[in-house]
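The file run-v4.cif contains mmCIF, C-alpha atoms:
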```cif
data_start
loop_
_atom_site.label_atom_id
_atom_site.label_comp_id
_atom_site.auth_asym_id
_atom_site.auth_seq_id
_atom_site.Cartn_x
_atom_site.Cartn_y
_atom_site.Cartn_z
CA MET Q 1 -24.03 -4.43 -41.02
CA SER Q 2 -25.94 -1.27 -41.80
CA PHE Q 3 -28.47 0.39 -39.54
CA PRO Q 4 -28.49 3.98 -40.75
CA ASN Q 5 -31.42 5.12 -38.61
CA GLY Q 6 -31.24 2.51 -35.89
CA CYS Q 7 -30.52 2.78 -32.23
CA PHE Q 8 -29.14 -0.04 -30.17
CA ARG Q 9 -30.56 -1.18 -26.90
CA LYS Q 10 -30.60 -4.29 -24.79
CA THR Q 11 -33.43 -6.68 -25.56
CA ARG Q 12 -36.36 -6.65 -23.17
CA GLY Q 13 -35.99 -8.77 -20.09
CA LEU Q 14 -32.26 -9.29 -20.61
CA ARG Q 15 -30.50 -10.50 -17.50
CA ILE Q 16 -26.90 -9.42 -16.93
CA ARG Q 17 -24.75 -10.95 -14.21
CA PRO Q 18 -21.23 -9.56 -13.90
CA LEU Q 19 -18.50 -12.03 -12.91
CA PRO Q 20 -15.67 -9.57 -12.32
CA GLU Q 21 -13.35 -12.22 -10.84
CA ARG Q 22 -13.51 -14.02 -14.20
CA GLU Q 23 -13.42 -10.78 -16.19
CA VAL Q 24 -16.66 -11.69 -17.99
CA CYS Q 25 -20.38 -11.23 -17.60
CA LEU Q 26 -23.14 -13.74 -18.10
CA VAL Q 27 -26.15 -12.70 -20.13
CA TYR Q 28 -29.46 -14.53 -20.28
CA THR Q 29 -31.81 -13.84 -23.15
CA PRO Q 30 -35.32 -14.88 -22.07
CA THR Q 31 -36.93 -14.21 -25.48
CA SER Q 32 -34.82 -16.95 -27.07
CA PRO Q 33 -33.67 -18.78 -23.96
CA ASN Q 34 -29.91 -18.89 -24.00
CA LEU Q 35 -27.00 -18.07 -21.74
CA TYR Q 36 -23.97 -16.25 -23.11
CA THR Q 37 -20.58 -15.37 -21.74
CA LEU Q 38 -19.30 -11.97 -22.81
CA ASN Q 39 -15.68 -11.02 -22.37
CA ALA Q 40 -14.94 -7.59 -20.95
CA THR Q 41 -14.80 -5.85 -24.34
CA ALA Q 42 -18.15 -7.21 -25.48
CA TRP Q 43 -19.60 -6.42 -22.06
CA LEU Q 44 -18.38 -2.83 -22.37
CA VAL Q 45 -20.17 -2.53 -25.73
CA LEU Q 46 -23.31 -4.01 -24.21
CA GLU Q 47 -23.29 -1.49 -21.38
CA LEU Q 48 -23.24 1.30 -23.93
CA CYS Q 49 -26.31 -0.03 -25.74
CA ASP Q 50 -28.90 2.14 -24.03
CA GLY Q 51 -30.68 3.42 -27.12
CA ARG Q 52 -27.74 5.22 -28.73
CA SER Q 53 -27.27 5.51 -32.46
CA LEU Q 54 -24.33 3.82 -34.14
CA SER Q 55 -22.37 7.05 -34.41
CA ALA Q 56 -22.97 7.82 -30.73
CA LEU Q 57 -21.87 4.31 -29.83
CA GLN Q 58 -18.71 4.68 -31.88
CA LYS Q 59 -17.84 7.90 -30.06
CA ALA Q 60 -18.61 6.47 -26.63
CA PHE Q 61 -16.72 3.22 -27.22
CA TYR Q 62 -13.71 5.02 -28.60
CA SER Q 63 -13.61 7.37 -25.62
CA ALA Q 64 -13.74 4.32 -23.32
CA VAL Q 65 -10.76 2.60 -24.93
CA GLU Q 66 -8.56 5.46 -26.14
CA PRO Q 67 -5.63 5.89 -26.36
CA LEU Q 68 -4.98 2.16 -26.44
CA MET Q 69 -7.00 1.77 -29.64
CA SER Q 70 -7.31 4.00 -32.66
CA GLU Q 71 -10.75 5.11 -33.89
CA PRO Q 72 -10.81 2.62 -36.81
CA GLU Q 73 -9.73 -0.25 -34.52
CA ALA Q 74 -12.37 0.67 -31.96
CA ALA Q 75 -15.02 0.91 -34.69
CA GLU Q 76 -14.04 -2.54 -35.95
CA TYR Q 77 -14.38 -4.10 -32.49
CA LEU Q 78 -17.67 -2.30 -31.93
CA LEU Q 79 -19.23 -3.47 -35.19
CA ALA Q 80 -18.09 -7.06 -34.65
CA SER Q 81 -19.53 -7.01 -31.17
CA LEU Q 82 -22.84 -5.43 -32.20
CA ASP Q 83 -23.18 -7.88 -35.06
CA ASP Q 84 -22.79 -10.84 -32.69
CA MET Q 85 -25.11 -9.37 -30.10
CA VAL Q 86 -27.88 -8.59 -32.58
CA LYS Q 87 -27.62 -12.10 -34.05
CA ASN Q 88 -27.89 -13.61 -30.56
CA SER Q 89 -30.79 -11.37 -29.48
CA ILE Q 90 -28.74 -9.70 -26.77
CA VAL Q 91 -29.16 -6.32 -28.38
CA GLU Q 92 -31.95 -5.10 -30.63
CA VAL Q 93 -32.10 -2.31 -33.16
CA VAL Q 94 -34.96 0.11 -32.81
CA PRO Q 95 -35.79 3.15 -34.90
CA SER Q 96 -34.21 6.30 -33.57
CA ALA Q 97 -36.40 8.72 -31.62
CA ARG Q 98 -36.30 11.15 -34.54
CA THR Q 99 -37.37 8.48 -37.01
CA ARG Q 100 -40.18 7.41 -34.69
CA ARG Q 101 -41.35 11.00 -34.37
CA VAL Q 102 -41.36 11.52 -38.15
CA ARG Q 103 -43.24 8.28 -38.65
CA SER Q 104 -45.85 9.15 -36.06
CA GLU Q 105 -46.27 12.60 -37.65
CA ARG Q 106 -46.78 10.98 -41.05
CA GLY Q 107 -49.26 8.59 -39.51
CA SER Q 108 -51.26 11.46 -38.02
CA VAL Q 109 -51.52 13.11 -41.47
CA VAL Q 110 -52.83 9.92 -43.04
CA ARG Q 111 -55.48 9.63 -40.40
CA MET D 1 -29.74 -3.67 -15.57
CA THR D 2 -27.49 -0.99 -16.96
CA THR D 3 -25.84 1.16 -14.42
CA GLU D 4 -22.90 3.49 -14.42
CA LYS D 5 -21.33 1.08 -11.95
CA ASN D 6 -21.57 -1.78 -14.45
CA PHE D 7 -20.12 0.36 -17.21
CA ASP D 8 -17.22 1.41 -14.99
CA LEU D 9 -16.60 -2.20 -14.01
CA ALA D 10 -16.67 -3.41 -17.63
CA GLN D 11 -14.33 -0.59 -18.69
CA ARG D 12 -11.93 -1.32 -15.85
CA LEU D 13 -11.80 -5.01 -16.74
CA ALA D 14 -11.47 -4.33 -20.48
CA LEU D 15 -8.46 -2.08 -19.91
CA ARG D 16 -6.69 -3.87 -17.07
CA ARG D 17 -4.49 -5.88 -19.45
CA GLY D 18 -3.73 -2.92 -21.69
CA THR D 19 -5.26 -2.96 -25.16
CA PRO D 20 -8.72 -4.55 -24.85
CA PRO D 21 -9.06 -8.08 -26.23
CA ALA D 22 -11.21 -8.68 -29.31
CA PRO D 23 -14.87 -8.90 -28.29
CA ALA D 24 -16.01 -12.47 -27.67
CA ILE D 25 -19.51 -13.79 -27.09
CA THR D 26 -19.84 -17.50 -26.47
CA ALA D 27 -22.94 -19.54 -25.90
CA THR D 28 -22.73 -21.22 -22.51
CA GLU D 29 -24.03 -24.71 -21.89
CA THR D 30 -27.08 -24.38 -19.69
CA GLU D 31 -28.14 -27.97 -19.32
CA ILE D 32 -26.90 -28.35 -15.80
CA ARG D 33 -27.36 -31.64 -14.08
CA SER D 34 -26.48 -32.55 -10.55
CA ASN D 35 -22.78 -31.98 -9.89
CA GLY D 36 -22.58 -29.96 -13.09
CA ILE D 37 -20.84 -26.62 -13.25
CA ILE D 38 -20.82 -23.80 -15.75
CA ALA D 39 -17.27 -23.87 -17.05
CA ILE D 40 -15.95 -20.33 -17.22
CA PRO D 41 -12.18 -20.31 -17.34
CA THR D 42 -10.23 -18.35 -14.76
CA PRO D 43 -8.39 -15.52 -16.48
CA PRO D 44 -4.59 -15.69 -16.36
CA PRO D 45 -2.79 -13.15 -14.18
CA VAL D 46 -2.25 -9.74 -15.72
CA PRO D 47 1.10 -9.87 -17.56
CA LEU D 48 3.31 -7.22 -16.00
CA ASP D 49 5.35 -6.82 -19.15
CA TYR D 50 6.06 -3.16 -18.46
CA ILE D 51 7.84 -3.63 -15.12
CA ILE D 52 11.59 -3.61 -14.63
CA GLY D 53 11.44 -6.84 -12.63
CA HIS D 54 9.29 -9.05 -10.43
CA TYR D 55 11.78 -8.67 -7.59
CA ILE D 56 13.93 -5.60 -7.35
CA ILE D 57 16.81 -5.01 -5.01
CA GLU D 58 17.86 -1.46 -4.42
CA TRP D 59 21.11 -0.45 -2.82
CA ALA D 60 21.09 3.16 -1.66
CA PHE D 61 24.34 4.71 -0.51
CA ARG D 62 26.33 7.90 -0.32
CA LEU D 63 30.00 8.49 -0.92
CA PRO D 64 32.29 11.27 0.17
CA PHE D 65 32.89 13.79 -2.61
CA SER D 66 36.50 12.72 -2.69
CA LYS D 67 35.36 9.30 -4.00
CA VAL D 68 32.87 10.44 -6.60
CA ARG D 69 35.17 10.68 -9.61
CA GLU D 70 36.81 7.37 -8.72
CA PHE D 71 33.46 5.61 -8.34
CA ASN D 72 31.99 7.02 -11.54
CA ALA D 73 35.10 5.94 -13.42
CA PHE D 74 34.84 2.49 -11.88
CA LEU D 75 31.24 2.23 -13.09
CA ALA D 76 32.15 3.39 -16.58
CA ASP D 77 34.81 0.68 -16.77
CA ASN D 78 32.94 -2.17 -15.09
CA GLU D 79 29.18 -1.88 -15.44
CA ALA D 80 29.01 -3.58 -18.83
CA LEU D 81 31.13 -6.42 -17.48
CA ILE D 82 28.89 -6.84 -14.44
CA ALA D 83 25.66 -6.67 -16.47
CA GLN D 84 26.77 -9.08 -19.17
CA SER D 85 28.31 -11.50 -16.68
CA CYS D 86 24.99 -11.67 -14.84
CA GLU D 87 23.22 -12.61 -18.07
CA LYS D 88 25.87 -15.14 -19.01
CA LEU D 89 26.47 -16.84 -15.69
CA MET D 90 23.05 -16.76 -14.06
CA GLN D 91 19.44 -17.22 -15.06
CA GLY D 92 16.93 -14.58 -14.07
CA VAL D 93 19.40 -12.22 -12.38
CA HIS D 94 19.90 -8.82 -13.98
CA TYR D 95 22.04 -5.81 -13.16
CA ARG D 96 20.04 -2.68 -14.04
CA GLY D 97 22.63 -0.03 -13.38
CA THR D 98 23.80 2.38 -10.74
CA TYR D 99 22.31 5.86 -10.73
CA MET D 100 23.31 9.07 -9.04
CA THR D 101 21.21 12.06 -8.12
CA THR D 102 21.89 14.82 -10.57
CA HIS D 103 19.97 17.92 -9.47
CA GLY D 104 19.97 19.72 -6.20
CA GLU D 105 19.82 16.82 -3.80
CA ARG D 106 22.67 15.63 -1.68
CA LEU D 107 24.73 13.25 -3.77
CA GLU D 108 23.37 9.74 -3.51
CA TYR D 109 23.69 6.51 -5.48
CA ARG D 110 21.17 3.77 -6.18
CA THR D 111 22.02 0.39 -7.65
CA PHE D 112 19.23 -1.79 -8.98
CA TRP D 113 19.17 -5.54 -9.42
CA THR D 114 16.15 -7.41 -10.72
CA TYR D 115 15.15 -11.04 -10.46
CA ASP D 116 12.69 -12.91 -12.63
CA SER D 117 11.61 -15.09 -9.74
CA HIS D 118 12.22 -15.53 -6.07
CA GLU D 119 14.24 -18.69 -6.77
CA ALA D 120 16.64 -16.72 -8.98
CA HIS D 121 18.41 -15.49 -5.82
CA LYS D 122 19.97 -18.94 -5.59
CA GLN D 123 21.76 -18.32 -8.89
CA TRP D 124 24.35 -16.31 -6.99
CA GLU D 125 25.85 -19.59 -5.83
CA ILE D 126 26.80 -20.15 -9.46
CA GLY D 127 27.71 -16.53 -10.19
CA LEU D 128 30.09 -16.23 -7.22
CA ARG D 129 31.64 -19.65 -7.61
CA ASP D 130 35.00 -18.36 -8.90
CA PRO D 131 36.25 -15.72 -6.44
CA ARG D 132 39.08 -14.61 -8.77
CA SER D 133 36.95 -14.03 -11.84
CA ASN D 134 36.72 -10.56 -13.34
CA PHE D 135 33.02 -10.53 -12.50
CA VAL D 136 33.47 -11.30 -8.81
CA THR D 137 36.37 -8.86 -8.54
CA ALA D 138 34.28 -6.05 -10.03
CA LEU D 139 31.28 -6.99 -7.94
CA ARG D 140 33.35 -7.03 -4.75
CA ARG D 141 34.56 -3.54 -5.50
CA LEU D 142 31.03 -2.29 -6.23
CA ARG D 143 29.78 -3.78 -2.97
CA SER D 144 32.70 -2.24 -1.06
CA TYR D 145 31.44 1.26 -1.95
CA TRP D 146 28.06 0.31 -0.52
CA ILE D 147 29.69 -1.14 2.61
CA SER D 148 31.72 2.04 3.17
CA ASP D 149 28.52 4.00 3.87
CA PRO D 150 27.33 3.12 7.39
CA ASN D 151 23.85 4.45 6.51
CA ALA D 152 23.53 2.48 3.28
CA SER D 153 20.29 0.58 2.77
CA HIS D 154 19.43 -2.59 0.92
CA ARG D 155 15.74 -2.83 0.08
CA HIS D 156 13.62 -5.46 -1.59
CA LEU D 157 10.80 -4.22 -3.80
CA SER D 158 8.03 -5.97 -5.70
CA PRO D 159 5.37 -4.57 -8.03
CA ALA D 160 2.51 -3.34 -5.85
CA ALA D 161 -0.06 -4.58 -8.38
CA LEU D 162 0.86 -8.14 -7.38
CA PHE D 163 -0.52 -7.38 -3.92
CA ALA D 164 -3.95 -6.23 -5.14
CA ALA D 165 -5.57 -9.60 -4.55
CA GLU D 166 -3.52 -10.73 -1.57
CA PRO D 167 -2.03 -7.95 0.51
CA GLY D 168 1.09 -9.85 1.52
CA GLY D 169 0.61 -11.92 4.62
CA ALA D 170 -1.77 -11.96 7.56
CA PHE D 171 0.02 -9.34 9.64
CA PHE D 172 0.31 -6.86 6.81
CA GLN D 173 -3.40 -7.36 6.10
CA PHE D 174 -4.11 -6.75 9.78
CA THR D 175 -2.08 -3.52 9.61
CA LEU D 176 -4.00 -2.32 6.56
CA GLU D 177 -7.35 -3.12 8.15
CA THR D 178 -6.37 -1.24 11.29
CA ALA D 179 -5.29 1.77 9.24
CA GLU D 180 -8.50 1.67 7.21
CA GLN D 181 -10.57 1.53 10.38
CA MET D 182 -8.73 4.56 11.72
CA ALA D 183 -9.17 6.45 8.44
CA GLY D 184 -12.87 5.61 8.51
CA GLY D 185 -13.29 7.76 11.60
CA ILE D 186 -13.53 4.86 13.97
CA GLY D 187 -10.42 6.01 15.77
CA PRO D 188 -7.63 3.85 17.14
CA ALA D 189 -8.63 0.25 16.96
CA ARG D 190 -9.44 -1.04 20.40
CA PRO D 191 -9.96 -4.59 21.50
CA ALA D 192 -13.55 -5.65 21.57
CA PRO D 193 -15.05 -5.05 25.02
CA ALA D 194 -15.15 -8.13 27.19
CA PRO D 195 -18.64 -9.46 27.71
CA LYS D 196 -20.15 -8.29 30.95
CA PRO D 197 -20.65 -10.93 33.60
CA ALA D 198 -24.25 -11.93 34.07
CA ALA D 199 -25.90 -9.75 36.70
CA ARG D 200 -26.66 -11.45 39.93
CA ARG D 201 -30.23 -11.86 40.79
CA LYS D 202 -31.26 -9.99 43.84
CA LYS D 203 -32.45 -12.16 46.58
CA LYS D 204 -35.97 -11.47 47.48
CA THR D 205 -36.23 -10.91 51.15
CA ARG D 206 -39.39 -11.87 52.75
CA ARG D 207 -40.64 -9.51 55.26
#
```
Could I get this file's structure written as structure tokens?
Amino acid sequence: MSFPNGCFRKTRGLRIRPLPEREVCLVYTPTSPNLYTLNATAWLVLELCDGRSLSALQKAFYSAVEPLMSEPEAAEYLLASLDDMVKNSIVEVVPSARTRRVRSERGSVVR
Amino acid sequence: MTTEKNFDLAQRLALRRGTPPAPAITATETEIRSNGIIAIPTPPPVPLDYIIGHYIIEWAFRLPFSKVREFNAFLADNEALIAQSCEKLMQGVHYRGTYMTTHGERLEYRTFWTYDSHEAHKQWEIGLRDPRSNFVTALRRLRSYWISDPNASHRHLSPAALFAAEPGGAFFQFTLETAEQMAGGIGPARPAPAPKPAARRKKKTRR
């Protein structure tokens, strides 16, 4: 998976219901109506998806799970989780703020 | 619905079993009919694979200085026998050694036994069956040092994490609640005030 300029955020209207006694959370995706069960690791990744870039996510996820996981192990879990969540419309990739700004500047020149 | 609280909760749950499990996202059946349930398995209890035992027995005792060399020599000669006999004769009963304070404090000994389950205590009926065995002889001598201290203690310990969900009986829970009430600034717990009796109606006097 490669999203060099992308940022990750939860899809619009996503519903998250923690079930701490089962160590999972339930996620409902209204855009493509489905219910998913996320284990605690996937849920942790989801909570970090607030518009951060991939590198920021890698740092944040690693700091949440160190020292129990190494940086490469954490990155592997993160990518697997993001891949699944993007495929299932739980998380979406949006252009980074910088990319959006550059694009809008270019657009203003064209006009 | 992203909050710091949710992040903290997810992090706590991801780490509570040690290394986080591989991320898993599963589609959940949503076609619920009457009497239907969403099947989400109950997670198994956290494996306490780092603890020294599920049930620990601690003997604490002191000896006069005149007995210290003798006792330490006894341990050096007999601890391996005691420990290995426990493993050989009984299931789930383990001798974990006798320790002495080494710095500054008044000389004191602690002996630790661990049990894999509560039922393992019954294994002593097998372990003590032959009163003349080397094991029982050594054990009797070890226990005699403990007996010789009139202030010796014998305590049962269990991992506190096991009491996170259920605090260990109704009365202990009551004690904790009382303490928490006091710590919350409510002061000593007092019984609820008795309801006041209904006020009597005043008789209207006709003048």
For Ala27 in chain D, the nearest of the candidates Q:Val65, Q:Leu44, Q:Val27, Q:Leu14, counting only C-alpha atoms: Q:Val27
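Using the PyMOL selection byres ((chain D) within 7 of (chain Q)) on the file at hand returns these residues: Met1, Thr2, Phe7, Ala10, Gln11, Leu13, Ala14, Thr19, Pro20, Pro21, Ala22, Pro23, Ala24, Ile25, Thr26, Ala27, Thr28, Thr30, Thr42 and Pro43 of chain D.
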Any chance you could export the current selection's C-alpha atoms as an mmCIF file, keeping the file's coordinate frame?
```
data_model
loop_
_atom_site.group_PDB
_atom_site.id
_atom_site.type_symbol
_atom_site.label_atom_id
_atom_site.label_comp_id
_atom_site.auth_asym_id
_atom_site.auth_seq_id
_atom_site.Cartn_x
_atom_site.Cartn_y
_atom_site.Cartn_z
ATOM 1 C CA MET D 1 -29.740 -3.670 -15.570
ATOM 2 C CA THR D 2 -27.490 -0.990 -16.960
ATOM 3 C CA PHE D 7 -20.120 0.360 -17.210
ATOM 4 C CA ALA D 10 -16.670 -3.410 -17.630
ATOM 5 C CA GLN D 11 -14.330 -0.590 -18.690
ATOM 6 C CA LEU D 13 -11.800 -5.010 -16.740
ATOM 7 C CA ALA D 14 -11.470 -4.330 -20.480
ATOM 8 C CA THR D 19 -5.260 -2.960 -25.160
ATOM 9 C CA PRO D 20 -8.720 -4.550 -24.850
ATOM 10 C CA PRO D 21 -9.060 -8.080 -26.230
ATOM 11 C CA ALA D 22 -11.210 -8.680 -29.310
ATOM 12 C CA PRO D 23 -14.870 -8.900 -28.290
ATOM 13 C CA ALA D 24 -16.010 -12.470 -27.670
ATOM 14 C CA ILE D 25 -19.510 -13.790 -27.090
ATOM 15 C CA THR D 26 -19.840 -17.500 -26.470
ATOM 16 C CA ALA D 27 -22.940 -19.540 -25.900
ATOM 17 C CA THR D 28 -22.730 -21.220 -22.510
ATOM 18 C CA THR D 30 -27.080 -24.380 -19.690
ATOM 19 C CA THR D 42 -10.230 -18.350 -14.760
ATOM 20 C CA PRO D 43 -8.390 -15.520 -16.480
#
```
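In this structure, CA of Phe61 in chain D sits 6.1 Å away from CA of Asp149 in chain D.
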Within 9 Å of range 138-147 of chain D using all atoms listed in the file, minus same-chain residues under 4 positions, as a list in words: Trp59, Ala60, Phe61, Arg62, Leu63, Phe71, Phe74, Leu75, Asn78, Glu79, Leu81, Ile82, Ser133, Asn134, Asn151, Ala152 and Ser153 of chain D
Residue members of the PyMOL selection byres ((chain Q and resi 91) around 6) in the file shown, as a ChimeraX atom specification: /Q:9-11,85-86,89-90,92
Distance of CA of Leu15 in chain D from CA of Arg96 in chain D, expressed in Å to one decimal place: 29.1 Å
Picked residues, the PyMOL selection byres ((chain D and resi 92) around 12), expected as number ranges by chain: D: 53-56, 86-91, 93-95, 113-124, 127
Å distance separating CA of Asp83 in chain Q from CA of Glu4 in chain D, one decimal place: 23.6 Å
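Distance check against Leu107 in chain D using only C-alpha atoms: of D:Arg17, D:Arg12, D:Lys67, D:His156, the minimum falls on D:Lys67.
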Pick from Q:Ala75, Q:Gly51, Q:Phe8, Q:Thr31 nearest to Ser63 in chain Q, counting all atoms listed in the file: Q:Ala75
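The residue that comes closest to Arg69 in chain D, out of D:Met100, D:Ile51, D:Ala39, D:Ala83 and on the basis of only C-alpha atoms, is D:Met100.
Nearest residue to Leu54 in chain Q, choosing from Q:Ser32, Q:Val94, Q:Lys87, Q:Arg12 and counting only C-alpha atoms: Q:Val94.
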